[in-house]
Amino acid sequence: MNDAGRALATALSEVLGDRTAKVLSKELGLSTVGGLLRHYPRRYQDRGEPTDLAAVPLDEPITVYAEVAKAAKIPFRGRNGFRLDVEITDGRGSLPLTFFNQWQVERDLRPGRTAFFSGKVSLYHGRAQMAGPDYQLVDEDADLERAGEDFAKTVPIYPATGAVATWTIEKCVRTALDAFPAIEDPLPAEIRSRYRLMGLREAFEGVHRPAVVEDTFKPRHRLKWDEALPLQLVLAQRRLAALGEPAVPRAARPDGILDRFDERLPFNLTQGQEEVCERIFEDLASTHPMHRLLQGEVGSGKTVVALRAMLRTVDGGGQAVLLAPTEVLAQQHHRSITRMLGPLARPGQMDGDPDGTRVALLTGSQGAKERRANLLDAASGEAGIVVGTHAVFQEKVDFAELGLVVVDEQHRFGVEQRDALRAKAGEPPHLLVMTATPIPRTVAMTVFGDLDTSELKVLPAGRSPIETFVVPAREKPNFLARAWTRIREEVGKGHQAYVVCPRIGGVEGAQDTDGDGTQPAASAAAAAGSADGDEQRRDPLSVVDVAAELTAGPLEGLRIGVLHGRLAPHDKDEVMSRFAAGEVDVLVATTVVEVGVDVPNASVMAILDADRFGVSQLHQLRGRVGRGGVPGLCLLVSEAAADTPARERLDAVAATTDGFELSRIDLEQRREGDVLGAAQSGRRSSLRLLSVLRDEDLIAQAREAAEELVRGDPALEHHPGLARLVVELTESDRADFLAMT
Ligand code: ADP
Ligand code: MG
């Protein structure tokens with residue numbers, strides 16, 4: 001029974017008996033000793049010295065020593081279950097307790113019994129009471145002093161359910177720990193000593209039975225390694241495997257299409273762009289596939305970097321595909337690439353350059369004929385560059401020689417999607433993923449742990465700073481009027497404006513938000529939802545209503561266009577083209593303009609009901625202005641009252657343009673699991689103690705250790721304990737860690 005090697009795999013029924021094991025399995029999904037010991041306390045409670053019942057404080061954890069005066073069981077009318085009302089007294093005062101459906105409590109707390117009770121006293125209908133306190137009975141002949149001391153300790157509080165209370169779990173954990181005085185440690189001794197990690201058995205003891213809370217720090221640190229290391233091992237194995245994959249190298253061609261393009265480029269590349277391009281060219285020239293993540297603030301000029309990589313691929317005899325998350329963006333990329341290439345995009349035409357290549361576009365809304373022509377160009381190799389949406393690309397698209405895949409504005413592009421992509425080409429193509437949403441280093445090390453990363457830190461010269469202001473529409477209505485005046489002034493100077501609304505509007509019940517941006521609108525709304533307290537919130541403003549109001553009122557006489565996800569695709573394309581050509585002054589839109597849209601002449605953006613958007617989303621949105629030589633202005637219009645969390649988020653966005661800082665704020669507000677996509681999958685994340693946000697150093701160390709372990713022992717044959725942790729990870733929670741959808 002107490003074999004250290006198989007301790008963790010032992011069935012709970014062997015240790016706790018069938019009945020208890022069954023309950024733990026049903027209620028908490030725990031079936032092995034390992035599972036139970038990794039069911040860590042959520043927090044600890046210090047019970048402190050017993051309090052006098054005559055003077056109990058409200059809403060803070062206390063312990064009292066008292067006798068049960070009365071106990072009454074009150075069945076629920078018409079359904080199963082009961083409430084137990086207990087009154088306790090210590091001779092100086094008395095206190096009512098309530099319990100729900102707890103048979104054991106009914107048996108324990110009979111009048112006359114004495115016990116230590118621990119919990120919080122709160123007001124319920126104006127009366128002080130303690131709901132469901134923890135307690136420990138004191139036997140008649142017990143040594144009171146000792147019983148009190150024993151009870152007044154640091155108590156682990158476990159994630160529990162109605163049927164399994166935290167103290168029941170505590171008892172089970174004790175039994176399991178006592179049954180295994182030795183537990184084999186999967187972490188190799190040299191790793192433990194190098195990173196000063198305590199042994200596994202000792203760490204379990206420390207988190208489950210600490211004398212004081214401080215005693216849990218080192219054990220928790222060690223147990224976090226058990227979460228960080230397997231993940232990093234998987235990623236290290238993937239990196240190693242990728243090194244073994246073959247790819248067709250794409251070498252430079254002197255005086256090829258790339259050189260011709262560079263001659264046409266109307267600006268100089270920034271030093272950062274030059275450097276990143278060089279790195280990418282090195283990768284492309286390698287006989288192994290590139291896996292690179294390019295991060296760069298909005299407006300940092302990622303597109304031209306991608307285009308140069310695509311042209312290098314064409315020079316090397318391959319084709320390149322650029323994938324965008326939305327149709328609007330795919331169309332814009334197609335337009336701007338075609339424009340930048342000029343005659344180079346028109347080989348075979350009168351005014352074209354015979355050394356050029358065709359740029360095909362594939363979107364879901366194309367007519368059958370147009371689409372067939374583009375598919376043909378891709379399949380024949382006529383088109384050296386193919387631009388399309390992710391959605392289209394999931395369907396059948398053939399390439400003559402796919403050499404490079406560029407994924408734009410998509411940080412939620414997990415390992416599995418990348419695998420699916422690679423399956424499209426015979427030999428794995430080179431891969432470049434680009435994102436403007438800065439990813440904190442730790443997330444880069446986990447979700448993107450198998451990618452090399454590059455960063456564009458400096459914006460191209462001549463970029464003007466964006467000024468951002470919060471417009472408190474309710475407190476200061478004249479500020480809002482002033483905002484519309486500002487927009488009129490900008491238009492008067494020949495510039496253009498965006499007005500962004502959270503909803504489409506117009507028809508009832510139909511899909512009313514644009515979920516095709518980088519963040520689901522719902523999550524932004526949820527993030528903002530609690531802000532206004534219990535006040536009844538009106539519907540968020542809609543594009544349709546706002547456009548009508550502005551046309552009739554504050555922006556009367558200006559050329560106003562409307563853009564949202566429910567428009568027919570060619571209408572979307574048309575309004576975007578007209579806006580880009582300066583034929584529309586004000587574009588009233590949903591978040592379809594969130595990513596990538598590039599109209600340098602636009603100088604103002606008003607975001608209405610700004611509190612309905614997430615922090616990173618706001619940052620993305622305002623990146624649409626200030627792209628030309630004109631300074632950008634962003635107005636965050638909101639009715640959220642000062643001092644609410646919603647307003648604080650807006651103030652934070654107004655206060656800094658540092659995307660990394662903002663992404664941190666954003667992540668801190670989301671639940672940890674969301675970072676790894678666990679919330680979407682509906683499963684419990686495997687991360688119990690490890691925080692992707694706070695444990696940056698630990699994750700970096702684990703990455704270093706994993707790299708070394710895998711280099712010496714790629715399949716972990718000599719580290720069976722670690723291999724087992726890796727298998728557990730990949731089998732149970734693969735999606736949580738490795739796929740961000
Ligand atoms: P993002 O990184 O957000 O995708 P884009 O690639 O859309 O940014 O670039 C934004 C704008 O900056 C485009 O109009 C582009 O032509 C311009 N641009 C890119 N690189 C430079 C440069 N080195 N100098 C001047 N303008 C540039
Ligand atoms: Mg872009």
# chains A, B, ... in the order shown; residues from 1 in each chain; ligands from 1
>>> closest_atom_pairs(of="chain A", to="ligand 2", cutoff="12 Å", atoms="only C-alpha atoms and all ligand atoms", output="JSON lines")
{"residue": "A:Leu294", "atom": "CA", "partner": "ligand 2", "partner_atom_place_in_ligand_line": "1 (Mg)", "distance": 11.1}
{"residue": "A:Gln295", "atom": "CA", "partner": "ligand 2", "partner_atom_place_in_ligand_line": "1 (Mg)", "distance": 10.5}
{"residue": "A:Gly296", "atom": "CA", "partner": "ligand 2", "partner_atom_place_in_ligand_line": "1 (Mg)", "distance": 9.1}
{"residue": "A:Glu297", "atom": "CA", "partner": "ligand 2", "partner_atom_place_in_ligand_line": "1 (Mg)", "distance": 9.2}
{"residue": "A:Val298", "atom": "CA", "partner": "ligand 2", "partner_atom_place_in_ligand_line": "1 (Mg)", "distance": 6.9}
{"residue": "A:Gly299", "atom": "CA", "partner": "ligand 2", "partner_atom_place_in_ligand_line": "1 (Mg)", "distance": 7.0}
{"residue": "A:Ser300", "atom": "CA", "partner": "ligand 2", "partner_atom_place_in_ligand_line": "1 (Mg)", "distance": 8.3}
{"residue": "A:Gly301", "atom": "CA", "partner": "ligand 2", "partner_atom_place_in_ligand_line": "1 (Mg)", "distance": 7.0}
{"residue": "A:Lys302", "atom": "CA", "partner": "ligand 2", "partner_atom_place_in_ligand_line": "1 (Mg)", "distance": 5.9}
{"residue": "A:Thr303", "atom": "CA", "partner": "ligand 2", "partner_atom_place_in_ligand_line": "1 (Mg)", "distance": 5.6}
{"residue": "A:Val304", "atom": "CA", "partner": "ligand 2", "partner_atom_place_in_ligand_line": "1 (Mg)", "distance": 9.1}
{"residue": "A:Val305", "atom": "CA", "partner": "ligand 2", "partner_atom_place_in_ligand_line": "1 (Mg)", "distance": 10.3}
{"residue": "A:Ala306", "atom": "CA", "partner": "ligand 2", "partner_atom_place_in_ligand_line": "1 (Mg)", "distance": 9.6}
{"residue": "A:Leu307", "atom": "CA", "partner": "ligand 2", "partner_atom_place_in_ligand_line": "1 (Mg)", "distance": 11.3}
{"residue": "A:Leu322", "atom": "CA", "partner": "ligand 2", "partner_atom_place_in_ligand_line": "1 (Mg)", "distance": 11.3}
{"residue": "A:Leu323", "atom": "CA", "partner": "ligand 2", "partner_atom_place_in_ligand_line": "1 (Mg)", "distance": 11.2}
{"residue": "A:Ala324", "atom": "CA", "partner": "ligand 2", "partner_atom_place_in_ligand_line": "1 (Mg)", "distance": 9.2}
{"residue": "A:Pro325", "atom": "CA", "partner": "ligand 2", "partner_atom_place_in_ligand_line": "1 (Mg)", "distance": 10.9}
{"residue": "A:Thr326", "atom": "CA", "partner": "ligand 2", "partner_atom_place_in_ligand_line": "1 (Mg)", "distance": 11.9}
{"residue": "A:Val328", "atom": "CA", "partner": "ligand 2", "partner_atom_place_in_ligand_line": "1 (Mg)", "distance": 12.0}
{"residue": "A:Leu329", "atom": "CA", "partner": "ligand 2", "partner_atom_place_in_ligand_line": "1 (Mg)", "distance": 8.5}
{"residue": "A:Ala330", "atom": "CA", "partner": "ligand 2", "partner_atom_place_in_ligand_line": "1 (Mg)", "distance": 10.4}
{"residue": "A:Gln332", "atom": "CA", "partner": "ligand 2", "partner_atom_place_in_ligand_line": "1 (Mg)", "distance": 9.8}
{"residue": "A:His333", "atom": "CA", "partner": "ligand 2", "partner_atom_place_in_ligand_line": "1 (Mg)", "distance": 8.4}
{"residue": "A:Ser336", "atom": "CA", "partner": "ligand 2", "partner_atom_place_in_ligand_line": "1 (Mg)", "distance": 11.0}
{"residue": "A:Ile337", "atom": "CA", "partner": "ligand 2", "partner_atom_place_in_ligand_line": "1 (Mg)", "distance": 11.8}
{"residue": "A:Val406", "atom": "CA", "partner": "ligand 2", "partner_atom_place_in_ligand_line": "1 (Mg)", "distance": 11.6}
{"residue": "A:Val407", "atom": "CA", "partner": "ligand 2", "partner_atom_place_in_ligand_line": "1 (Mg)", "distance": 10.4}
{"residue": "A:Asp408", "atom": "CA", "partner": "ligand 2", "partner_atom_place_in_ligand_line": "1 (Mg)", "distance": 6.8}
{"residue": "A:Glu409", "atom": "CA", "partner": "ligand 2", "partner_atom_place_in_ligand_line": "1 (Mg)", "distance": 6.5}
{"residue": "A:Gln410", "atom": "CA", "partner": "ligand 2", "partner_atom_place_in_ligand_line": "1 (Mg)", "distance": 10.2}
{"residue": "A:Val433", "atom": "CA", "partner": "ligand 2", "partner_atom_place_in_ligand_line": "1 (Mg)", "distance": 11.4}
{"residue": "A:Met434", "atom": "CA", "partner": "ligand 2", "partner_atom_place_in_ligand_line": "1 (Mg)", "distance": 8.1}
{"residue": "A:Thr435", "atom": "CA", "partner": "ligand 2", "partner_atom_place_in_ligand_line": "1 (Mg)", "distance": 7.9}
{"residue": "A:Ala436", "atom": "CA", "partner": "ligand 2", "partner_atom_place_in_ligand_line": "1 (Mg)", "distance": 7.4}
{"residue": "A:Thr437", "atom": "CA", "partner": "ligand 2", "partner_atom_place_in_ligand_line": "1 (Mg)", "distance": 10.7}
{"residue": "A:Val593", "atom": "CA", "partner": "ligand 2", "partner_atom_place_in_ligand_line": "1 (Mg)", "distance": 11.5}
{"residue": "A:Glu594", "atom": "CA", "partner": "ligand 2", "partner_atom_place_in_ligand_line": "1 (Mg)", "distance": 10.5}
{"residue": "A:Val595", "atom": "CA", "partner": "ligand 2", "partner_atom_place_in_ligand_line": "1 (Mg)", "distance": 7.0}
{"residue": "A:Gly596", "atom": "CA", "partner": "ligand 2", "partner_atom_place_in_ligand_line": "1 (Mg)", "distance": 4.1}
{"residue": "A:Val597", "atom": "CA", "partner": "ligand 2", "partner_atom_place_in_ligand_line": "1 (Mg)", "distance": 7.2}
{"residue": "A:Asp598", "atom": "CA", "partner": "ligand 2", "partner_atom_place_in_ligand_line": "1 (Mg)", "distance": 7.8}
{"residue": "A:Val599", "atom": "CA", "partner": "ligand 2", "partner_atom_place_in_ligand_line": "1 (Mg)", "distance": 11.5}
{"residue": "A:Gln620", "atom": "CA", "partner": "ligand 2", "partner_atom_place_in_ligand_line": "1 (Mg)", "distance": 10.5}
{"residue": "A:Gly623", "atom": "CA", "partner": "ligand 2", "partner_atom_place_in_ligand_line": "1 (Mg)", "distance": 10.2}
{"residue": "A:Arg624", "atom": "CA", "partner": "ligand 2", "partner_atom_place_in_ligand_line": "1 (Mg)", "distance": 10.2}
{"residue": "A:Arg627", "atom": "CA", "partner": "ligand 2", "partner_atom_place_in_ligand_line": "1 (Mg)", "distance": 11.7}
>>> atom_distance(atom1="atom CA of Arg77 of chain A", atom2="atom CA of Gly126 of chain A")
24.1 Å
>>> residues_around(residues="segment 546-558 of chain A", least_positions_apart="3", cutoff="9 Å", atoms="only C-alpha atoms", output="PDB file with N, CA and C atoms, in the first residue's frame")
ATOM      1  N   ALA A 481     -20.859  67.463 -26.500  1.00  0.00           N
ATOM      2  CA  ALA A 481     -21.114  68.418 -27.577  1.00  0.00           C
ATOM      3  C   ALA A 481     -19.785  68.897 -28.158  1.00  0.00           C
ATOM      4  N   TRP A 484     -18.229  66.452 -30.636  1.00  0.00           N
ATOM      5  CA  TRP A 484     -18.751  66.511 -32.012  1.00  0.00           C
ATOM      6  C   TRP A 484     -18.187  67.729 -32.738  1.00  0.00           C
ATOM      7  N   THR A 485     -18.034  68.828 -31.979  1.00  0.00           N
ATOM      8  CA  THR A 485     -17.441  70.015 -32.595  1.00  0.00           C
ATOM      9  C   THR A 485     -16.016  69.714 -33.071  1.00  0.00           C
ATOM     10  N   ILE A 487     -14.829  66.928 -34.016  1.00  0.00           N
ATOM     11  CA  ILE A 487     -14.878  66.117 -35.234  1.00  0.00           C
ATOM     12  C   ILE A 487     -15.162  67.006 -36.443  1.00  0.00           C
ATOM     13  N   ARG A 488     -16.090  67.943 -36.275  1.00  0.00           N
ATOM     14  CA  ARG A 488     -16.381  68.871 -37.385  1.00  0.00           C
ATOM     15  C   ARG A 488     -15.125  69.662 -37.755  1.00  0.00           C
ATOM     16  N   VAL A 491     -12.705  67.497 -39.729  1.00  0.00           N
ATOM     17  CA  VAL A 491     -13.193  67.319 -41.100  1.00  0.00           C
ATOM     18  C   VAL A 491     -12.985  68.612 -41.883  1.00  0.00           C
ATOM     19  N   VAL A 499     -16.394  56.899 -35.681  1.00  0.00           N
ATOM     20  CA  VAL A 499     -17.229  56.852 -34.485  1.00  0.00           C
ATOM     21  C   VAL A 499     -17.547  55.376 -34.270  1.00  0.00           C
ATOM     22  N   CYS A 501     -19.238  52.197 -32.163  1.00  0.00           N
ATOM     23  CA  CYS A 501     -20.313  51.816 -31.241  1.00  0.00           C
ATOM     24  C   CYS A 501     -20.234  50.322 -30.943  1.00  0.00           C
ATOM     25  N   LEU A 541     -25.190  51.691 -27.256  1.00  0.00           N
ATOM     26  CA  LEU A 541     -25.487  52.466 -28.460  1.00  0.00           C
ATOM     27  C   LEU A 541     -25.196  51.644 -29.703  1.00  0.00           C
ATOM     28  N   SER A 542     -25.988  51.896 -30.748  1.00  0.00           N
ATOM     29  CA  SER A 542     -25.815  51.104 -31.959  1.00  0.00           C
ATOM     30  C   SER A 542     -25.409  51.978 -33.136  1.00  0.00           C
ATOM     31  N   VAL A 543     -24.708  51.355 -34.061  1.00  0.00           N
ATOM     32  CA  VAL A 543     -24.237  52.041 -35.262  1.00  0.00           C
ATOM     33  C   VAL A 543     -25.404  52.677 -36.011  1.00  0.00           C
ATOM     34  N   GLY A 561     -20.572  57.527 -43.399  1.00  0.00           N
ATOM     35  CA  GLY A 561     -20.671  56.143 -43.887  1.00  0.00           C
ATOM     36  C   GLY A 561     -20.875  55.202 -42.719  1.00  0.00           C
ATOM     37  N   VAL A 562     -21.394  54.020 -43.018  1.00  0.00           N
ATOM     38  CA  VAL A 562     -21.697  53.052 -41.972  1.00  0.00           C
ATOM     39  C   VAL A 562     -20.998  51.741 -42.296  1.00  0.00           C
ATOM     40  N   VAL A 584     -15.637  59.685 -47.760  1.00  0.00           N
ATOM     41  CA  VAL A 584     -16.507  59.625 -46.590  1.00  0.00           C
ATOM     42  C   VAL A 584     -15.769  60.370 -45.481  1.00  0.00           C
ATOM     43  N   ASP A 585     -16.467  61.288 -44.795  1.00  0.00           N
ATOM     44  CA  ASP A 585     -15.799  62.058 -43.738  1.00  0.00           C
ATOM     45  C   ASP A 585     -15.779  61.316 -42.412  1.00  0.00           C
ATOM     46  N   VAL A 586     -16.923  60.728 -42.101  1.00  0.00           N
ATOM     47  CA  VAL A 586     -17.064  60.099 -40.795  1.00  0.00           C
ATOM     48  C   VAL A 586     -17.565  58.676 -40.989  1.00  0.00           C
ATOM     49  N   LEU A 587     -16.831  57.726 -40.448  1.00  0.00           N
ATOM     50  CA  LEU A 587     -17.235  56.337 -40.570  1.00  0.00           C
ATOM     51  C   LEU A 587     -17.783  55.881 -39.220  1.00  0.00           C
ATOM     52  N   VAL A 588     -19.075  55.568 -39.182  1.00  0.00           N
ATOM     53  CA  VAL A 588     -19.679  55.056 -37.961  1.00  0.00           C
ATOM     54  C   VAL A 588     -19.620  53.535 -38.057  1.00  0.00           C
ATOM     55  N   ALA A 589     -18.956  52.891 -37.095  1.00  0.00           N
ATOM     56  CA  ALA A 589     -18.648  51.472 -37.276  1.00  0.00           C
ATOM     57  C   ALA A 589     -18.664  50.708 -35.968  1.00  0.00           C
TER      58      ALA A 589
END
>>> closest_residue(among="A:Pro631, A:Pro429, A:Pro266, A:Gly505", to="ligand 1", atoms="only C-alpha atoms and all ligand atoms")
A:Pro266
>>> residues_around(residues="Trp225 of chain A", least_positions_apart="2", cutoff="9 Å", atoms="only C-alpha atoms", output="list in words")
Leu187, Leu197, Arg220, His221, Arg222, Leu223, Glu227, Ala228, Leu229, Pro230, Leu690, Leu698, Ile699 and Ala702 of chain A
>>> atom_distance(atom1="atom CA of Gly506 of chain A", atom2="atom CA of Ser603 of chain A")
27.8 Å
>>> closest_residue(among="A:Arg559, A:Arg335, A:Arg174, A:Lys73", to="Pro156 of chain A", atoms="only C-alpha atoms")
A:Arg174
>>> atom_distance(atom1="atom CA of Leu567 of chain A", atom2="atom CA of Ala602 of chain A")
21.9 Å
>>> closest_residue(among="A:Arg339, A:Gly381, A:Lys476, A:Asp353", to="ligand 1", atoms="only C-alpha atoms and all ligand atoms")
A:Arg339
>>> select_by_dssp(residues="segment 34-266 of chain A", states="strand (DSSP E)", output="PyMOL selection string")
chain A and resi 43-46+61-75+82-89+94-100+114-124+127-131+134-138+154-157
>>> closest_residue(among="A:Thr363, A:Gln273, A:Ser577, A:Thr313", to="ligand 1", atoms="only C-alpha atoms and all ligand atoms")
A:Gln273
>>> residues_around(residues="segment 634-639 of chain A", least_positions_apart="6", cutoff="6 Å", atoms="only C-alpha atoms", output="list in words")
Thr468, Phe469, Val470, Val471, Pro472, Ala473, Arg474, Val604, Met605, Ala606, Ile607, Leu608, Asp609 and Ala610 of chain A
>>> closest_residue(among="A:Pro57, A:Gly162, A:Pro219, A:Gly364", to="Asn101 of chain A", atoms="only C-alpha atoms")
A:Gly162
>>> decode(residues="segment 7-39 of chain A", atoms="N, CA and C atoms", output="compact mmCIF listing (two decimals), in the first residue's frame")
# COMPACT_ATOMS: atom_id res chain seq x y z
N ALA A 7 2.68 5.65 -5.15
CA ALA A 7 1.84 6.39 -4.21
C ALA A 7 0.77 7.22 -4.92
N LEU A 8 1.20 8.02 -5.87
CA LEU A 8 0.28 8.98 -6.46
C LEU A 8 -0.78 8.31 -7.32
N ALA A 9 -0.45 7.12 -7.84
CA ALA A 9 -1.40 6.43 -8.71
C ALA A 9 -2.40 5.59 -7.91
N THR A 10 -2.18 5.46 -6.61
CA THR A 10 -3.06 4.62 -5.80
C THR A 10 -4.50 5.13 -5.81
N ALA A 11 -5.43 4.19 -5.97
CA ALA A 11 -6.84 4.58 -5.98
C ALA A 11 -7.25 5.06 -4.59
N LEU A 12 -8.08 6.08 -4.54
CA LEU A 12 -8.52 6.62 -3.26
C LEU A 12 -9.29 5.59 -2.45
N SER A 13 -9.98 4.70 -3.15
CA SER A 13 -10.77 3.70 -2.42
C SER A 13 -9.87 2.83 -1.53
N GLU A 14 -8.63 2.61 -1.97
CA GLU A 14 -7.71 1.80 -1.17
C GLU A 14 -7.34 2.50 0.13
N VAL A 15 -7.36 3.80 0.12
CA VAL A 15 -6.89 4.56 1.28
C VAL A 15 -8.05 5.05 2.14
N LEU A 16 -9.15 5.44 1.48
CA LEU A 16 -10.24 6.09 2.21
C LEU A 16 -11.48 5.22 2.33
N GLY A 17 -11.47 4.09 1.64
CA GLY A 17 -12.67 3.26 1.62
C GLY A 17 -13.57 3.64 0.46
N ASP A 18 -14.41 2.72 0.07
CA ASP A 18 -15.22 2.90 -1.12
C ASP A 18 -16.19 4.07 -1.04
N ARG A 19 -16.83 4.21 0.13
CA ARG A 19 -17.88 5.22 0.20
C ARG A 19 -17.34 6.63 0.02
N THR A 20 -16.31 6.94 0.81
CA THR A 20 -15.72 8.27 0.71
C THR A 20 -15.13 8.50 -0.69
N ALA A 21 -14.47 7.46 -1.21
CA ALA A 21 -13.84 7.59 -2.53
C ALA A 21 -14.88 7.92 -3.58
N LYS A 22 -16.03 7.30 -3.45
CA LYS A 22 -17.09 7.52 -4.43
C LYS A 22 -17.56 8.98 -4.40
N VAL A 23 -17.74 9.47 -3.18
CA VAL A 23 -18.20 10.86 -3.05
C VAL A 23 -17.17 11.83 -3.63
N LEU A 24 -15.89 11.59 -3.32
CA LEU A 24 -14.86 12.49 -3.83
C LEU A 24 -14.79 12.45 -5.35
N SER A 25 -15.03 11.25 -5.89
CA SER A 25 -14.98 11.12 -7.33
C SER A 25 -16.15 11.85 -7.98
N LYS A 26 -17.32 11.66 -7.39
CA LYS A 26 -18.52 12.26 -7.97
C LYS A 26 -18.50 13.79 -7.83
N GLU A 27 -18.12 14.23 -6.64
CA GLU A 27 -18.22 15.66 -6.37
C GLU A 27 -17.06 16.48 -6.91
N LEU A 28 -15.86 15.90 -6.83
CA LEU A 28 -14.68 16.70 -7.17
C LEU A 28 -13.86 16.10 -8.30
N GLY A 29 -14.30 14.94 -8.79
CA GLY A 29 -13.56 14.31 -9.89
C GLY A 29 -12.20 13.78 -9.45
N LEU A 30 -12.05 13.47 -8.17
CA LEU A 30 -10.77 12.98 -7.66
C LEU A 30 -10.83 11.48 -7.48
N SER A 31 -9.86 10.76 -8.06
CA SER A 31 -9.92 9.30 -7.93
C SER A 31 -8.63 8.69 -7.45
N THR A 32 -7.53 9.46 -7.48
CA THR A 32 -6.26 8.89 -7.02
C THR A 32 -5.68 9.73 -5.89
N VAL A 33 -4.73 9.13 -5.20
CA VAL A 33 -4.05 9.86 -4.13
C VAL A 33 -3.38 11.11 -4.70
N GLY A 34 -2.79 10.95 -5.91
CA GLY A 34 -2.15 12.11 -6.55
C GLY A 34 -3.14 13.22 -6.80
N GLY A 35 -4.32 12.84 -7.30
CA GLY A 35 -5.35 13.85 -7.56
C GLY A 35 -5.75 14.57 -6.30
N LEU A 36 -5.92 13.82 -5.22
CA LEU A 36 -6.33 14.43 -3.95
C LEU A 36 -5.24 15.35 -3.40
N LEU A 37 -3.99 14.87 -3.46
CA LEU A 37 -2.91 15.68 -2.89
C LEU A 37 -2.65 16.94 -3.73
N ARG A 38 -3.07 16.89 -4.99
CA ARG A 38 -2.93 18.10 -5.82
C ARG A 38 -4.21 18.95 -5.81
N HIS A 39 -5.15 18.55 -4.99
CA HIS A 39 -6.31 19.40 -4.75
C HIS A 39 -5.90 20.34 -3.62
